[in-house]
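File shown: data_23.csv. Contents: CSV, C-alpha atoms and all ligand atoms.
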```csv
chain,number,residue,atom,x,y,z
H,1382,MET,CA,0.0,0.0,0.0
H,1383,VAL,CA,1.3,3.5,-0.9
H,1384,ASP,CA,2.0,5.7,2.1
H,1385,GLU,CA,0.5,9.0,0.9
H,1386,THR,CA,2.2,11.0,3.7
H,1387,ALA,CA,5.6,9.8,2.6
H,1388,SER,CA,6.5,12.5,0.2
H,1389,VAL,CA,9.9,13.8,-0.9
H,1390,GLN,CA,9.1,17.5,-0.5
H,1391,PRO,CA,6.2,18.9,1.6
H,1392,ILE,CA,4.0,21.6,0.1
H,1393,ARG,CA,5.3,25.0,1.4
H,1394,LEU,CA,2.1,26.7,2.4
H,1395,ALA,CA,0.9,30.1,3.6
H,1396,ILE,CA,-2.4,30.8,5.3
H,1397,ILE,CA,-4.3,33.9,4.3
H,1398,GLY,CA,-6.9,35.2,6.8
H,1399,VAL,CA,-6.3,34.0,10.3
H,1400,GLY,CA,-9.7,33.8,12.0
H,1401,LYS,CA,-12.0,31.2,13.5
H,1402,ILE,CA,-11.8,28.5,10.8
H,1403,ALA,CA,-8.1,29.0,10.3
H,1404,ARG,CA,-7.4,28.4,14.0
H,1405,ASP,CA,-10.1,25.7,14.6
H,1406,GLN,CA,-9.4,23.6,11.6
H,1407,HIS,CA,-6.7,24.6,9.1
H,1408,LEU,CA,-3.7,25.1,11.4
H,1409,PRO,CA,-4.3,21.8,13.3
H,1410,ALA,CA,-4.8,19.9,10.0
H,1411,ILE,CA,-1.6,21.4,8.5
H,1412,ALA,CA,0.4,20.8,11.7
H,1413,ALA,CA,-0.6,17.1,11.7
H,1414,ASP,CA,0.2,16.5,8.0
H,1415,PRO,CA,3.8,16.0,7.1
H,1416,ARG,CA,2.8,16.6,3.4
H,1417,PHE,CA,2.6,20.3,4.4
H,1418,GLU,CA,5.0,22.9,5.9
H,1419,LEU,CA,3.5,26.1,7.1
H,1420,VAL,CA,5.9,28.8,6.0
H,1421,ALA,CA,4.0,32.1,6.7
H,1422,ALA,CA,0.7,33.7,7.4
H,1423,ALA,CA,-1.0,36.9,6.2
H,1424,SER,CA,-3.8,38.6,8.1
H,1425,ARG,CA,-4.6,42.3,8.8
H,1426,ASN,CA,-4.6,41.8,12.6
H,1427,ALA,CA,-4.2,38.2,13.7
H,1428,VAL,CA,-0.9,36.3,13.8
H,1429,VAL,CA,0.2,32.7,13.8
H,1430,ASP,CA,2.9,31.8,16.3
H,1431,GLY,CA,6.1,30.4,15.0
H,1432,VAL,CA,6.0,31.7,11.4
H,1433,PRO,CA,6.6,35.1,9.8
H,1434,ASN,CA,3.4,37.1,9.6
H,1435,TYR,CA,2.4,39.8,7.1
H,1436,HIS,CA,-0.5,42.3,6.8
H,1437,ASP,CA,-1.7,41.0,3.4
H,1438,ILE,CA,-0.8,38.8,0.5
H,1439,ALA,CA,1.1,41.6,-1.3
H,1440,ALA,CA,3.5,41.9,1.7
H,1441,LEU,CA,3.8,38.2,2.0
H,1442,LEU,CA,4.7,37.8,-1.7
H,1443,ALA,CA,7.1,40.7,-1.5
H,1444,ALA,CA,9.0,39.0,1.3
H,1445,GLY,CA,10.2,36.4,-1.2
H,1446,HIS,CA,9.6,33.1,0.8
H,1447,ALA,CA,10.0,29.9,-1.1
H,1448,LEU,CA,6.3,29.0,-1.3
H,1449,ASP,CA,4.2,26.5,-3.3
H,1450,ALA,CA,0.7,27.3,-2.3
H,1451,VAL,CA,-1.8,29.4,-0.2
H,1452,SER,CA,-4.8,28.4,1.7
H,1453,ILE,CA,-7.3,31.3,1.7
H,1454,CYS,CA,-9.5,31.5,4.8
H,1455,THR,CA,-10.8,35.1,4.6
H,1456,PRO,CA,-14.5,35.9,4.2
H,1457,PRO,CA,-15.8,35.6,0.6
H,1458,VAL,CA,-15.7,39.3,-0.3
H,1459,GLY,CA,-12.2,40.1,-1.3
H,1460,ARG,CA,-11.2,36.4,-1.7
H,1461,ALA,CA,-11.0,36.7,-5.5
H,1462,ALA,CA,-8.3,39.4,-5.5
H,1463,ILE,CA,-6.2,37.3,-3.1
H,1464,ALA,CA,-6.6,34.2,-5.2
H,1465,MET,CA,-5.7,36.0,-8.4
H,1466,ALA,CA,-2.6,37.5,-6.8
H,1467,ALA,CA,-1.5,34.0,-5.6
H,1468,ILE,CA,-2.0,32.5,-9.1
H,1469,ASP,CA,0.0,35.4,-10.6
H,1470,ALA,CA,2.8,34.6,-8.2
H,1471,GLY,CA,2.8,31.0,-9.5
H,1472,LEU,CA,1.2,29.4,-6.4
H,1473,ASP,CA,-1.4,26.7,-6.1
H,1474,VAL,CA,-4.6,27.8,-4.3
H,1475,MET,CA,-7.0,26.2,-1.8
H,1476,LEU,CA,-10.2,28.2,-1.1
H,1477,GLU,CA,-12.4,27.9,1.9
H,1478,LYS,CA,-16.1,27.7,1.1
H,1479,PRO,CA,-17.9,29.5,-0.4
H,1480,PRO,CA,-15.2,29.8,-3.1
H,1481,ALA,CA,-16.0,33.4,-3.9
H,1482,ALA,CA,-18.5,36.1,-3.3
H,1483,THR,CA,-20.0,35.7,-6.8
H,1484,LEU,CA,-20.3,33.2,-9.6
H,1485,SER,CA,-18.4,35.4,-12.1
H,1486,GLU,CA,-15.5,35.7,-9.6
H,1487,ILE,CA,-15.1,31.9,-9.2
H,1488,ALA,CA,-15.4,31.5,-13.0
H,1489,ARG,CA,-12.6,34.1,-13.4
H,1490,ILE,CA,-10.4,32.5,-10.8
H,1491,GLU,CA,-10.9,29.1,-12.3
H,1492,ALA,CA,-10.0,30.3,-15.8
H,1493,HIS,CA,-7.0,32.2,-14.5
H,1494,ALA,CA,-5.7,29.1,-12.6
H,1495,ALA,CA,-6.2,26.9,-15.7
H,1496,ALA,CA,-4.4,29.4,-18.0
H,1497,ALA,CA,-1.5,29.6,-15.5
H,1498,GLY,CA,-1.3,25.8,-15.0
H,1499,ARG,CA,-1.9,26.1,-11.3
H,1500,THR,CA,-4.0,23.8,-9.1
H,1501,LEU,CA,-7.2,25.4,-7.7
H,1502,PHE,CA,-9.2,23.5,-5.1
H,1503,ALA,CA,-12.5,25.1,-4.2
H,1504,THR,CA,-13.2,23.1,-1.0
H,1505,TRP,CA,-16.6,22.1,0.4
H,1506,HIS,CA,-15.6,20.8,3.9
H,1507,SER,CA,-19.1,19.3,4.6
H,1508,ARG,CA,-18.7,17.0,1.6
H,1509,GLU,CA,-15.9,15.3,3.6
H,1510,ALA,CA,-18.2,14.6,6.6
H,1511,ALA,CA,-18.1,10.9,7.6
H,1512,GLY,CA,-21.5,9.8,6.3
H,1513,VAL,CA,-21.6,11.6,2.9
H,1514,ALA,CA,-19.8,9.1,0.7
H,1515,ALA,CA,-21.9,6.2,2.1
H,1516,ALA,CA,-25.1,8.2,1.7
H,1517,ARG,CA,-24.3,8.9,-2.0
H,1518,ALA,CA,-23.6,5.2,-2.6
H,1519,TRP,CA,-26.8,4.1,-0.9
H,1520,LEU,CA,-28.9,6.6,-2.9
H,1521,ALA,CA,-27.3,5.7,-6.2
H,1522,ASP,CA,-29.7,2.9,-7.0
H,1523,ARG,CA,-32.8,4.2,-5.3
H,1524,THR,CA,-35.6,6.5,-6.5
H,1525,VAL,CA,-35.7,9.6,-4.4
H,1526,GLU,CA,-39.2,11.0,-3.6
H,1527,ARG,CA,-38.5,13.9,-1.3
H,1528,VAL,CA,-35.6,15.8,0.4
H,1529,THR,CA,-36.0,17.8,3.5
H,1530,ILE,CA,-33.2,20.0,4.8
H,1531,ASP,CA,-33.2,21.6,8.3
H,1532,TRP,CA,-30.1,23.7,9.0
H,1533,ARG,CA,-30.6,25.6,12.2
H,1534,GLU,CA,-27.8,27.0,14.3
H,1535,ASP,CA,-27.1,29.9,16.7
H,1536,ILE,CA,-25.1,32.6,15.0
H,1537,ARG,CA,-24.0,34.0,18.4
H,1538,ARG,CA,-22.4,30.6,19.3
H,1539,TRP,CA,-20.7,29.8,15.9
H,1540,HIS,CA,-20.0,33.2,14.5
H,1541,PRO,CA,-19.5,35.6,17.5
H,1542,GLY,CA,-19.0,39.2,16.4
H,1543,GLN,CA,-18.6,38.3,12.7
H,1544,ASP,CA,-20.5,41.3,11.3
H,1545,TRP,CA,-19.2,40.6,7.8
H,1546,ILE,CA,-21.6,37.6,7.6
H,1547,LEU,CA,-24.6,39.9,7.7
H,1548,GLU,CA,-23.1,42.5,5.3
H,1549,ALA,CA,-23.7,42.4,1.5
H,1550,GLY,CA,-21.7,39.4,0.1
H,1551,GLY,CA,-21.5,37.8,3.6
H,1552,PHE,CA,-24.2,35.2,2.7
H,1553,GLY,CA,-26.0,35.5,6.1
H,1554,VAL,CA,-27.7,32.2,7.0
H,1555,PHE,CA,-26.5,30.9,3.7
H,1556,ASP,CA,-23.0,30.8,5.1
H,1557,PRO,CA,-23.9,27.6,7.0
H,1558,GLY,CA,-26.8,26.8,4.6
H,1559,ILE,CA,-24.4,26.4,1.6
H,1560,ASN,CA,-22.8,23.5,3.5
H,1561,ALA,CA,-26.2,21.7,3.4
H,1562,LEU,CA,-26.4,22.4,-0.3
H,1563,SER,CA,-22.9,21.2,-0.8
H,1564,ILE,CA,-23.9,17.9,0.8
H,1565,ALA,CA,-27.2,17.6,-1.0
H,1566,THR,CA,-25.7,18.2,-4.4
H,1567,GLU,CA,-23.0,15.7,-3.6
H,1568,ILE,CA,-25.3,12.8,-2.5
H,1569,LEU,CA,-27.8,13.6,-5.3
H,1570,PRO,CA,-25.8,14.5,-8.4
H,1571,GLY,CA,-28.8,15.4,-10.6
H,1572,ALA,CA,-30.1,18.6,-12.2
H,1573,TRP,CA,-30.7,21.1,-9.4
H,1574,SER,CA,-32.7,24.4,-9.5
H,1575,VAL,CA,-34.4,26.8,-7.2
H,1576,GLN,CA,-38.1,27.5,-7.4
H,1577,SER,CA,-38.6,30.1,-4.7
H,1578,ALA,CA,-37.1,31.5,-1.5
H,1579,ASP,CA,-38.3,33.5,1.4
H,1580,LEU,CA,-35.4,35.5,2.9
H,1581,ARG,CA,-35.7,37.2,6.3
H,1582,VAL,CA,-33.3,40.1,6.6
H,1583,PRO,CA,-32.9,42.0,9.9
H,1584,GLU,CA,-33.5,45.7,9.8
H,1585,GLY,CA,-30.2,47.6,9.1
H,1586,ARG,CA,-28.4,44.5,7.8
H,1587,MET,CA,-27.9,43.2,4.2
H,1588,SER,CA,-28.0,39.4,4.4
H,1589,PRO,CA,-30.7,37.1,5.7
H,1590,LEU,CA,-30.9,35.6,9.2
H,1591,ALA,CA,-33.4,32.9,8.0
H,1592,ALA,CA,-34.5,31.5,4.8
H,1593,ASP,CA,-37.0,28.9,3.5
H,1594,ILE,CA,-36.2,27.6,0.0
H,1595,LEU,CA,-38.0,25.4,-2.4
H,1596,LEU,CA,-35.7,23.6,-4.8
H,1597,SER,CA,-35.8,20.6,-7.0
H,1598,CYS,CA,-33.4,17.9,-8.1
H,1599,ASP,CA,-34.4,16.1,-11.3
H,1600,ASP,CA,-38.0,17.3,-10.5
H,1601,VAL,CA,-37.9,15.8,-7.0
H,1602,PRO,CA,-39.0,18.4,-4.4
H,1603,VAL,CA,-36.4,19.6,-2.0
H,1604,THR,CA,-37.3,22.0,0.9
H,1605,ALA,CA,-34.7,23.7,2.9
H,1606,ALA,CA,-35.1,25.7,6.1
H,1607,PHE,CA,-32.1,27.7,7.3
H,1608,ASP,CA,-32.3,29.5,10.7
H,1609,PHE,CA,-29.5,31.5,12.3
H,1610,LEU,CA,-31.3,32.2,15.6
H,1611,HIS,CA,-31.8,28.7,16.7
H,1612,GLU,CA,-31.1,28.1,20.4
H,1613,GLY,CA,-31.1,24.7,22.1
H,1614,PRO,CA,-29.9,21.6,20.3
H,1615,GLN,CA,-28.4,22.6,17.0
H,1616,GLN,CA,-29.7,20.9,13.9
H,1617,TRP,CA,-27.9,20.2,10.6
H,1618,ASP,CA,-30.1,17.4,9.1
H,1619,ILE,CA,-30.9,16.2,5.6
H,1620,VAL,CA,-33.7,13.6,5.3
H,1621,VAL,CA,-34.1,11.8,2.0
H,1622,ASP,CA,-37.2,9.7,1.4
H,1623,THR,CA,-36.9,7.1,-1.3
H,1624,ASP,CA,-39.0,4.2,-2.7
H,1625,ALA,CA,-36.9,1.9,-0.6
H,1626,GLY,CA,-36.6,3.5,2.8
H,1627,GLN,CA,-35.4,6.7,4.5
H,1628,LEU,CA,-31.9,8.1,4.8
H,1629,THR,CA,-30.9,10.8,7.2
H,1630,LEU,CA,-27.7,12.7,7.5
H,1631,ARG,CA,-27.4,14.4,10.9
H,1632,MET,CA,-24.9,16.7,12.5
H,1633,GLY,CA,-23.7,18.1,9.2
H,1634,GLY,CA,-23.2,14.8,7.6
H,1635,SER,CA,-21.2,13.0,10.3
H,1636,VAL,CA,-24.0,10.8,11.5
H,1637,LEU,CA,-25.8,8.6,8.9
H,1638,GLU,CA,-29.1,6.8,9.7
H,1639,ILE,CA,-30.6,4.4,7.2
H,1640,ASP,CA,-33.9,2.8,8.3
H,1641,GLY,CA,-33.0,3.1,11.9
H,1642,THR,CA,-29.4,1.9,11.7
H,1643,VAL,CA,-27.0,4.6,12.8
H,1644,THR,CA,-23.3,4.9,11.8
H,1645,GLU,CA,-20.9,7.7,12.8
H,1646,ALA,CA,-17.2,8.3,12.7
H,1647,PRO,CA,-14.9,11.0,14.1
H,1648,ASP,CA,-14.6,14.3,12.3
H,1649,ALA,CA,-11.8,14.3,9.7
H,1650,GLU,CA,-13.1,16.9,7.2
H,1651,TYR,CA,-10.1,19.2,7.2
H,1652,PRO,CA,-7.4,16.4,7.2
H,1653,ARG,CA,-9.3,15.0,4.2
H,1654,LEU,CA,-9.3,18.3,2.4
H,1655,TYR,CA,-5.6,18.8,2.8
H,1656,ALA,CA,-4.9,15.2,1.7
H,1657,LYS,CA,-7.1,15.9,-1.4
H,1658,PHE,CA,-5.3,19.2,-2.1
H,1659,LYS,CA,-1.9,17.4,-2.0
H,1660,ARG,CA,-3.3,14.8,-4.5
H,1661,LEU,CA,-4.6,17.5,-6.8
H,1662,VAL,CA,-1.2,19.4,-6.7
H,1663,ARG,CA,0.6,16.1,-7.5
H,1664,ALA,CA,-1.7,15.4,-10.4
H,1665,ARG,CA,-1.5,19.1,-11.5
H,1666,SER,CA,-5.3,19.2,-11.6
H,1667,SER,CA,-8.0,21.3,-10.1
H,1668,ASP,CA,-11.4,20.7,-8.4
H,1669,VAL,CA,-13.9,23.4,-8.7
H,1670,ASP,CA,-17.7,22.8,-8.3
H,1671,ALA,CA,-19.7,26.0,-8.1
H,1672,THR,CA,-23.1,24.2,-7.9
H,1673,PRO,CA,-23.9,25.1,-4.3
H,1674,LEU,CA,-22.9,28.7,-4.9
H,1675,ARG,CA,-25.1,28.8,-8.0
H,1676,LEU,CA,-28.1,27.6,-5.9
H,1677,VAL,CA,-27.5,30.3,-3.3
H,1678,ALA,CA,-27.2,32.9,-6.1
H,1679,ASP,CA,-30.5,31.7,-7.5
H,1680,ALA,CA,-32.2,31.9,-4.1
H,1681,PHE,CA,-31.0,35.5,-3.8
H,1682,LEU,CA,-32.3,36.2,-7.4
H,1683,VAL,CA,-35.8,34.9,-6.9
H,1684,GLY,CA,-36.0,35.3,-3.2
H,1685,GLN,CA,-38.8,37.5,-1.6
H,1686,ARG,CA,-37.3,39.6,1.1
H,1687,GLU,CA,-39.0,40.4,4.4
H,1688,THR,CA,-37.5,42.8,6.9
H,1689,VAL,CA,-37.4,41.4,10.4
H,1690,PRO,CA,-36.4,43.0,13.7
H,1691,ALA,CA,-32.9,44.3,14.0
H,1692,PHE,CA,-30.2,41.8,15.1
H,1693,ALA,CA,-27.6,42.6,17.8
H,1694,TRP,CA,-24.9,40.3,19.2
G,1701,LIG,P1,-13.5,35.0,10.8
G,1701,LIG,O1,-13.4,34.4,12.2
G,1701,LIG,O2,-14.1,36.3,10.8
G,1701,LIG,O3,-12.1,35.0,10.2
G,1701,LIG,C1,-11.8,35.5,8.9
G,1701,LIG,C2,-10.5,36.3,9.1
G,1701,LIG,O4,-10.2,36.9,7.8
G,1701,LIG,C3,-10.7,37.5,10.1
G,1701,LIG,O5,-10.3,37.1,11.4
G,1701,LIG,C4,-9.8,38.5,9.5
G,1701,LIG,O6,-8.5,38.5,10.1
G,1701,LIG,C5,-9.6,38.1,8.0
G,1701,LIG,N1,-10.2,39.1,7.1
G,1701,LIG,C6,-9.7,39.5,6.0
G,1701,LIG,N2,-10.5,40.4,5.3
G,1701,LIG,C7,-11.5,40.5,6.1
G,1701,LIG,C8,-12.7,41.3,6.0
G,1701,LIG,N3,-12.9,42.1,5.0
G,1701,LIG,N4,-13.6,41.2,7.0
G,1701,LIG,C9,-13.5,40.4,8.0
G,1701,LIG,N5,-12.3,39.6,8.2
G,1701,LIG,C10,-11.4,39.7,7.2
G,1701,LIG,O7,-14.4,34.0,9.9
G,1701,LIG,P2,-14.3,32.5,9.8
G,1701,LIG,O8,-15.4,31.9,10.6
G,1701,LIG,O9,-13.0,32.0,10.0
G,1701,LIG,O10,-14.8,32.3,8.3
G,1701,LIG,C11,-13.9,32.5,7.2
G,1701,LIG,C12,-14.4,31.7,6.0
G,1701,LIG,O11,-14.4,30.3,6.5
G,1701,LIG,C13,-15.8,31.9,5.6
G,1701,LIG,O12,-15.9,31.8,4.2
G,1701,LIG,C14,-16.6,30.8,6.2
G,1701,LIG,O13,-17.7,30.4,5.5
G,1701,LIG,C15,-15.6,29.7,6.2
G,1701,LIG,N6,-15.9,28.7,7.3
G,1701,LIG,C16,-16.1,29.0,8.6
G,1701,LIG,C17,-16.5,28.1,9.5
G,1701,LIG,C18,-16.7,28.4,11.0
G,1701,LIG,O14,-17.1,27.5,11.7
G,1701,LIG,N7,-16.6,29.6,11.4
G,1701,LIG,C19,-16.5,26.7,9.1
G,1701,LIG,C20,-16.1,26.4,7.8
G,1701,LIG,C21,-15.9,27.4,6.9
G,1701,LIG,P3,-7.7,39.9,10.2
G,1701,LIG,O15,-8.6,40.9,11.0
G,1701,LIG,O16,-6.5,39.5,10.9
G,1701,LIG,O17,-7.5,40.3,8.8
```

As structure tokens, please, write out the structure in this file.
Ligand code: NAP
Amino acid sequence: MVDETASVQPIRLAIIGVGKIARDQHLPAIAADPRFELVAAASRNAVVDGVPNYHDIAALLAAGHALDAVSICTPPVGRAAIAMAAIDAGLDVMLEKPPAATLSEIARIEAHAAAAGRTLFATWHSREAAGVAAARAWLADRTVERVTIDWREDIRRWHPGQDWILEAGGFGVFDPGINALSIATEILPGAWSVQSADLRVPEGRMSPLAADILLSCDDVPVTAAFDFLHEGPQQWDIVVDTDAGQLTLRMGGSVLEIDGTVTEAPDAEYPRLYAKFKRLVRARSSDVDATPLRLVADAFLVGQRETVPAFAW
């Protein structure tokens, strides 16, 4: 068996945007993987201990480190300019989800990476959740009748003080909701579209705190309820009714229940993402699927907006 971690030369990596997800997931995953060496970080305020830190990607690139790649963990607005600068500098690029603020941005980044011969990996961490691959396999030879998505979490608990999330381009409740769509489109790889959406935007903010969306996959109805003000037990569930039983992915895809039989495994989403990035770099290929972003864009296009009471942290 090939030891994938045994590589001659680790990928020399810089992190761009040191916030919650960089600290919670990226830095531990990189530290645990000998296929990567963290060389530097760039963030306007935050720093990573033990490596040189720069205010932004321009200062990082000007410093002249021997670098192979960047992993971009900033909010979506502004991410495209960072990715383009990295590609121009000859670097491979890994993008946090959502891959960009708009569809045209991700298309432009993808074309730019292809023209430059660089690897671009637009990650969807929830697709690496423990139950997702098995769910896709189980569903492959069944007829799906209905899909119900409930993605309800407490913004104050998971995104404390992140005002950018409720600004224009911050995605609002679609920041977590796009994770549900990334899983749904992975386990049901059909033709997806959005029929309607109700978007509830708090007074004085630009992005919704809650949304109800009606979608379809190959004409099968899919309902999605996203709520950012959900207290108590947090809920990240996808229920798929088929002609041959019911499948439920709970806890963001880490728990799989099929007709009452539950399987779960420890979280390894980010180690898997980095392993995949290394494979893509080795193969000199890219992985970019904008489908979840397209569905969010469509929900914003057809969505009816309702103003709800102001939100304060
Ligand atoms: P965050 O805690 O706000 O961190 C993002 C960091 O990017 C900030 O700390 C900030 O550091 C830097 N930054 C650069 N430009 C910025 C700007 N214009 N506005 C605000 N910050 C800016 O956010 P996060 O939760 O890590 O989320 C970042 C990305 O990861 C998002 O796309 C999100 O969807 C994704 N993600 C988050 C989670 C999660 O659980 N939070 C999970 C998976 C994926 P400086 O001030 O030092 O520049």

Using all atoms listed in the file, which of the listed residues (H:Pro1391, H:Gly1431, H:Pro1409, H:Pro1456) sits closest to ligand LIG 1701 (chain G)?
H:Pro1456

Selection near stretch 1495-1502 of chain H, 12 Å with all atoms listed in the file, sequence-local residues under 2 positions removed, as number ranges by chain:
H: 1449-1453, 1464-1480, 1487-1493, 1504-1506, 1654-1671

Dump as a Markdown table the rows for residues of chain H within 7 Å of ligand LIG 1701 (chain G): closest atom pair and distance in Å with one decimal, all atoms listed in the file counted, ordered by chain and rising residue number.
```
| residue | atom | partner | partner_atom | distance |
| --- | --- | --- | --- | --- |
| H:Gly1398 | CA | G:LIG1701 | O4 | 3.8 |
| H:Val1399 | CA | G:LIG1701 | C2 | 4.9 |
| H:Gly1400 | CA | G:LIG1701 | O3 | 3.2 |
| H:Lys1401 | CA | G:LIG1701 | O1 | 3.7 |
| H:Ile1402 | CA | G:LIG1701 | O9 | 3.8 |
| H:Ala1403 | CA | G:LIG1701 | O9 | 5.8 |
| H:Ser1424 | CA | G:LIG1701 | O16 | 4.0 |
| H:Arg1425 | CA | G:LIG1701 | O17 | 3.5 |
| H:Asn1426 | CA | G:LIG1701 | O16 | 3.4 |
| H:Ala1427 | CA | G:LIG1701 | O16 | 3.8 |
| H:Cys1454 | CA | G:LIG1701 | C12 | 5.0 |
| H:Thr1455 | CA | G:LIG1701 | O4 | 3.7 |
| H:Pro1456 | CA | G:LIG1701 | O12 | 4.3 |
| H:Pro1457 | CA | G:LIG1701 | O12 | 5.2 |
| H:Val1458 | CA | G:LIG1701 | N3 | 6.6 |
| H:Gly1459 | CA | G:LIG1701 | N3 | 6.6 |
| H:Glu1477 | CA | G:LIG1701 | O11 | 5.6 |
| H:Lys1478 | CA | G:LIG1701 | O12 | 5.1 |
| H:Pro1479 | CA | G:LIG1701 | O12 | 5.5 |
| H:His1506 | CA | G:LIG1701 | C20 | 6.8 |
| H:Trp1539 | CA | G:LIG1701 | O14 | 6.0 |
| H:His1540 | CA | G:LIG1701 | N7 | 5.8 |
| H:Gln1543 | CA | G:LIG1701 | O2 | 5.3 |
| H:Trp1545 | CA | G:LIG1701 | N4 | 5.7 |
| H:Asp1556 | CA | G:LIG1701 | O13 | 5.3 |
| H:Pro1557 | CA | G:LIG1701 | O13 | 7.0 |
```

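Of the listed residues (H:Gly1512, H:Gly1542, H:Pro1602, H:Pro1673), H:Gly1512 comes nearest to H:Asp1618; the distances count only C-alpha atoms.
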
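Counting from atom CA of H:Asp1430, the distance to atom CA of H:Ala1443 is 20.3 Å.
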
Counting all atoms listed in the file, the residue of H:Ala1518, H:Ala1511, H:Leu1442, H:Ile1530 that sits nearest H:Asp1648:
H:Ala1511

Can you tell me how far atom CA of H:Val1432 sits from atom CA of H:Ile1392, in Å to one decimal?
15.3 Å

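From atom CA of H:Gly1551 back to atom CA of H:Leu1610, the distance works out to 16.5 Å.
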